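> Handing you a structure now.
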Amino acid sequence: MPRFTDIPHRPPPTMPGEPRLEIRREGELVTVLTAADLRVLGPREHTADFHCVTTWSVTGLVWTGVPLREVLASVGMPEPPTPYLVARAGDRRKAAFTAADAYADDVLLATHLNGAALDARHGAPLRLVSPSQYGYKSVKHLIAIDFRADQPRIMAKEHLRARVALEERHPRLPGRALRLPYRLLIPPTAHLAERSLSRHRTG
Ligand SMILES: Nc1nc2c(c(=O)[nH]1)N[C@H]1C(S)=C(S)[C@@H](COP(=O)(O)O)O[C@H]1N2
Ligand SMILES: [Mo]
């Protein structure tokens, strides 16, 4: 699995060694989950494929983690309190979700990939994993989940739903039309992302 991002010259952020996840509502802090809180929920292995919007895929990844819906139920949110949420990362990256997509059975908060703790390359110390959506929804270095009443602003090129099965690659352009141009971006992007990894500093 390559290190991948649409800002490939930027090294991964310096992160704490242990997960710390803020749950927010309209930006206001509701509660904070620690590594111990996640361990109590019983992390399990989940096998899933991964699809980057640029057309590369990896099959059979084994993530260790807890379904996001179980994590949110444990803090009194068995049902989504609002129709949308934003996942935020330590590199200031974010992704928008409908609450229904984020509460799907296959959406995880993962700490391990293929039996090893997540590293800087793949999203340490905590990563959101949503296998049914394009990779840009699988937010690495996750630091916060922020519930929103109104539809959050999406990033350029981000589809709100990004369902792989419906080829929702882009908010406006048809998915098919993007296959070739996106494919051409893979080698230079992967090369730059790998090179900038060497500039990563541990926290
Ligand atoms: N925090 C953060 N998460 C991110 C990204 C990013 O740049 N920053 N890139 C996304 C994209 S476009 C993809 S394809 C996957 C790549 O995951 P990998 O680097 O573990 O292969 O991470 C996603 N999650
Ligand atoms: Mo991606």
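To be explicit about the labels: the chains of the structure tokens are called A, B, and onward in the order shown, and within each one the residues are counted from 1, while ligands get numbers from 1 in the order they are shown.
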How would you report the residues lying within 9 Å of ligand 1, as a compact mmCIF listing (two decimals) with N, CA and C atoms, in the first residue's frame, if you count only C-alpha atoms and all ligand atoms?


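Saved result, pocket21.txt, follows:
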# COMPACT_ATOMS: atom_id res chain seq x y z
N MET A 1 0.86 -1.19 0.00
CA MET A 1 0.00 0.00 0.00
C MET A 1 0.90 1.24 0.00
N PRO A 2 0.82 2.09 -1.04
CA PRO A 2 1.68 3.27 -1.07
C PRO A 2 1.22 4.31 -0.06
N ARG A 3 2.15 5.16 0.40
CA ARG A 3 1.69 6.37 1.09
C ARG A 3 1.08 7.25 0.02
N PHE A 4 -0.13 7.80 0.27
CA PHE A 4 -0.81 8.57 -0.75
C PHE A 4 -1.55 9.74 -0.14
N THR A 5 -1.60 10.84 -0.90
CA THR A 5 -2.27 12.05 -0.46
C THR A 5 -2.29 13.00 -1.64
N ASP A 6 -3.20 13.95 -1.64
CA ASP A 6 -3.17 14.93 -2.73
C ASP A 6 -2.25 16.11 -2.40
N ILE A 7 -1.56 16.06 -1.26
CA ILE A 7 -0.53 17.07 -0.92
C ILE A 7 0.76 16.30 -0.66
N PRO A 8 1.31 15.66 -1.71
CA PRO A 8 2.35 14.64 -1.47
C PRO A 8 3.69 15.18 -1.02
N ARG A 10 4.07 17.15 1.36
CA ARG A 10 3.99 17.44 2.79
C ARG A 10 4.23 16.17 3.61
N PRO A 12 4.09 13.57 6.90
CA PRO A 12 2.99 13.33 7.85
C PRO A 12 3.14 14.24 9.06
N PRO A 13 2.03 14.55 9.75
CA PRO A 13 2.12 15.42 10.92
C PRO A 13 2.77 14.70 12.10
N PHE A 50 -9.43 -1.51 -0.22
CA PHE A 50 -9.25 -0.06 -0.14
C PHE A 50 -9.14 0.49 -1.55
N HIS A 51 -9.91 1.53 -1.85
CA HIS A 51 -9.94 2.09 -3.20
C HIS A 51 -9.65 3.59 -3.17
N CYS A 52 -8.49 3.96 -3.70
CA CYS A 52 -8.21 5.38 -3.87
C CYS A 52 -8.97 5.88 -5.09
N VAL A 53 -9.40 7.12 -5.04
CA VAL A 53 -10.17 7.71 -6.14
C VAL A 53 -9.37 7.74 -7.44
N THR A 54 -8.04 7.73 -7.33
CA THR A 54 -7.20 7.81 -8.53
C THR A 54 -7.07 6.49 -9.26
N TRP A 56 -6.06 3.33 -7.93
CA TRP A 56 -5.35 2.19 -7.34
C TRP A 56 -6.18 1.60 -6.21
N SER A 57 -6.08 0.29 -6.05
CA SER A 57 -6.79 -0.40 -4.97
C SER A 57 -5.87 -1.41 -4.31
N VAL A 58 -6.15 -1.73 -3.06
CA VAL A 58 -5.47 -2.81 -2.37
C VAL A 58 -6.57 -3.70 -1.80
N ARG A 88 -11.71 15.22 11.29
CA ARG A 88 -10.55 16.11 11.15
C ARG A 88 -9.26 15.40 11.53
N ALA A 89 -8.18 15.75 10.84
CA ALA A 89 -6.89 15.07 11.01
C ALA A 89 -5.83 16.02 11.52
N GLY A 90 -4.75 15.45 12.04
CA GLY A 90 -3.63 16.21 12.56
C GLY A 90 -2.88 17.01 11.50
N ASP A 91 -3.05 16.67 10.22
CA ASP A 91 -2.44 17.47 9.15
C ASP A 91 -3.43 18.47 8.57
N ARG A 92 -4.50 18.75 9.30
CA ARG A 92 -5.55 19.72 8.96
C ARG A 92 -6.41 19.25 7.79
N ARG A 93 -6.18 18.05 7.37
CA ARG A 93 -7.02 17.43 6.36
C ARG A 93 -8.37 17.13 7.01
N LYS A 94 -9.47 17.16 6.24
CA LYS A 94 -10.75 16.75 6.78
C LYS A 94 -11.60 16.10 5.71
N ALA A 95 -12.64 15.43 6.15
CA ALA A 95 -13.59 14.82 5.21
C ALA A 95 -14.98 14.98 5.78
N ALA A 120 3.52 6.33 10.67
CA ALA A 120 3.31 7.66 10.09
C ALA A 120 2.80 7.56 8.65
N ARG A 121 3.23 6.52 7.96
CA ARG A 121 2.82 6.36 6.56
C ARG A 121 1.31 6.17 6.43
N HIS A 122 0.73 5.36 7.32
CA HIS A 122 -0.66 4.97 7.12
C HIS A 122 -1.63 5.53 8.16
N GLY A 123 -1.19 6.55 8.95
CA GLY A 123 -2.19 7.27 9.72
C GLY A 123 -2.11 7.21 11.23
N ARG A 127 -6.94 6.01 12.84
CA ARG A 127 -7.41 6.28 11.49
C ARG A 127 -8.87 5.89 11.34
N LEU A 128 -9.60 6.72 10.64
CA LEU A 128 -10.94 6.35 10.24
C LEU A 128 -10.82 5.52 8.97
N VAL A 129 -11.55 4.42 8.89
CA VAL A 129 -11.50 3.55 7.71
C VAL A 129 -12.93 3.34 7.21
N TYR A 134 -14.47 6.18 -1.34
CA TYR A 134 -13.11 6.40 -1.84
C TYR A 134 -12.17 6.78 -0.70
N GLY A 135 -10.87 6.49 -0.93
CA GLY A 135 -9.86 6.59 0.12
C GLY A 135 -9.78 7.93 0.81
N TYR A 136 -10.19 9.00 0.12
CA TYR A 136 -10.08 10.31 0.77
C TYR A 136 -11.01 10.47 1.96
N LYS A 137 -11.96 9.54 2.13
CA LYS A 137 -12.78 9.56 3.35
C LYS A 137 -12.11 8.81 4.50
N SER A 138 -11.09 8.00 4.21
CA SER A 138 -10.42 7.22 5.26
C SER A 138 -9.33 8.08 5.88
N VAL A 139 -9.75 8.98 6.75
CA VAL A 139 -8.90 10.05 7.28
C VAL A 139 -7.83 9.47 8.22
N LYS A 140 -6.58 9.72 7.84
CA LYS A 140 -5.45 9.30 8.68
C LYS A 140 -5.23 10.31 9.81
N HIS A 141 -4.46 9.92 10.82
CA HIS A 141 -4.10 10.85 11.93
C HIS A 141 -5.35 11.55 12.47
N LEU A 142 -6.39 10.77 12.72
CA LEU A 142 -7.69 11.34 13.12
C LEU A 142 -7.61 11.99 14.51
N ALA A 190 2.73 9.10 -5.73
CA ALA A 190 3.27 8.09 -4.81
C ALA A 190 4.76 8.34 -4.56
N ALA A 193 5.08 11.42 -2.24
CA ALA A 193 4.57 11.11 -0.90
C ALA A 193 5.58 10.26 -0.13

> I need the residues in stretch 66-187 of chain A that are strand (DSSP E) according to DSSP; give them as a VMD selection string.

chain A and resid 66 to 67 84 to 89 94 to 98 108 to 113 116 to 117 127 to 129 142 to 148

> Could you list, as a list in words, every residue within 10 Å of A:Val71, counting only C-alpha atoms and ignoring same-chain residues fewer than 6 positions away?

Leu33, Asp37, Leu38, Leu41, Met77, Pro78, Leu108 and Leu109 of chain A

> Counting only C-alpha atoms, which residue out of A:Glu45, A:Leu126, A:Arg163, A:Leu118 sits closest to A:Asp101?

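Checking each candidate against A:Asp101, we get A:Arg163 as the closest.
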
> Restricting the calculation to only C-alpha atoms and all ligand atoms, which member of A:Arg195, A:Leu29, A:Thr55, A:Leu61 is positioned closest to ligand 2?

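Closest candidate: A:Thr55.
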
> So, with only C-alpha atoms as the atoms that count, which of A:Thr14, A:Ser74, A:Thr82, A:Ser132 lies closest to A:His200?

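Counting only C-alpha atoms, the residue closest to A:His200 is A:Thr14.
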
> Which of these, A:Ile23, A:Val62, A:Leu197, A:Ala162, has the shortest distance to ligand 2 once you count only C-alpha atoms and all ligand atoms?

A:Ala162

> Measuring between only C-alpha atoms, which one of A:Pro83, A:Gly27, A:Pro131, A:Gly65 shows the shortest distance to A:Asp150?

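Once distances to A:Asp150 are computed over only C-alpha atoms, the minimum belongs to A:Pro83.
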
> Of the candidates A:Thr189, A:His159, A:Asp146, A:Asn114, which shows the shortest atom-to-atom distance to A:Thr59, using only C-alpha atoms?

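Of the candidates, the smallest distance to A:Thr59 is held by A:Asn114.
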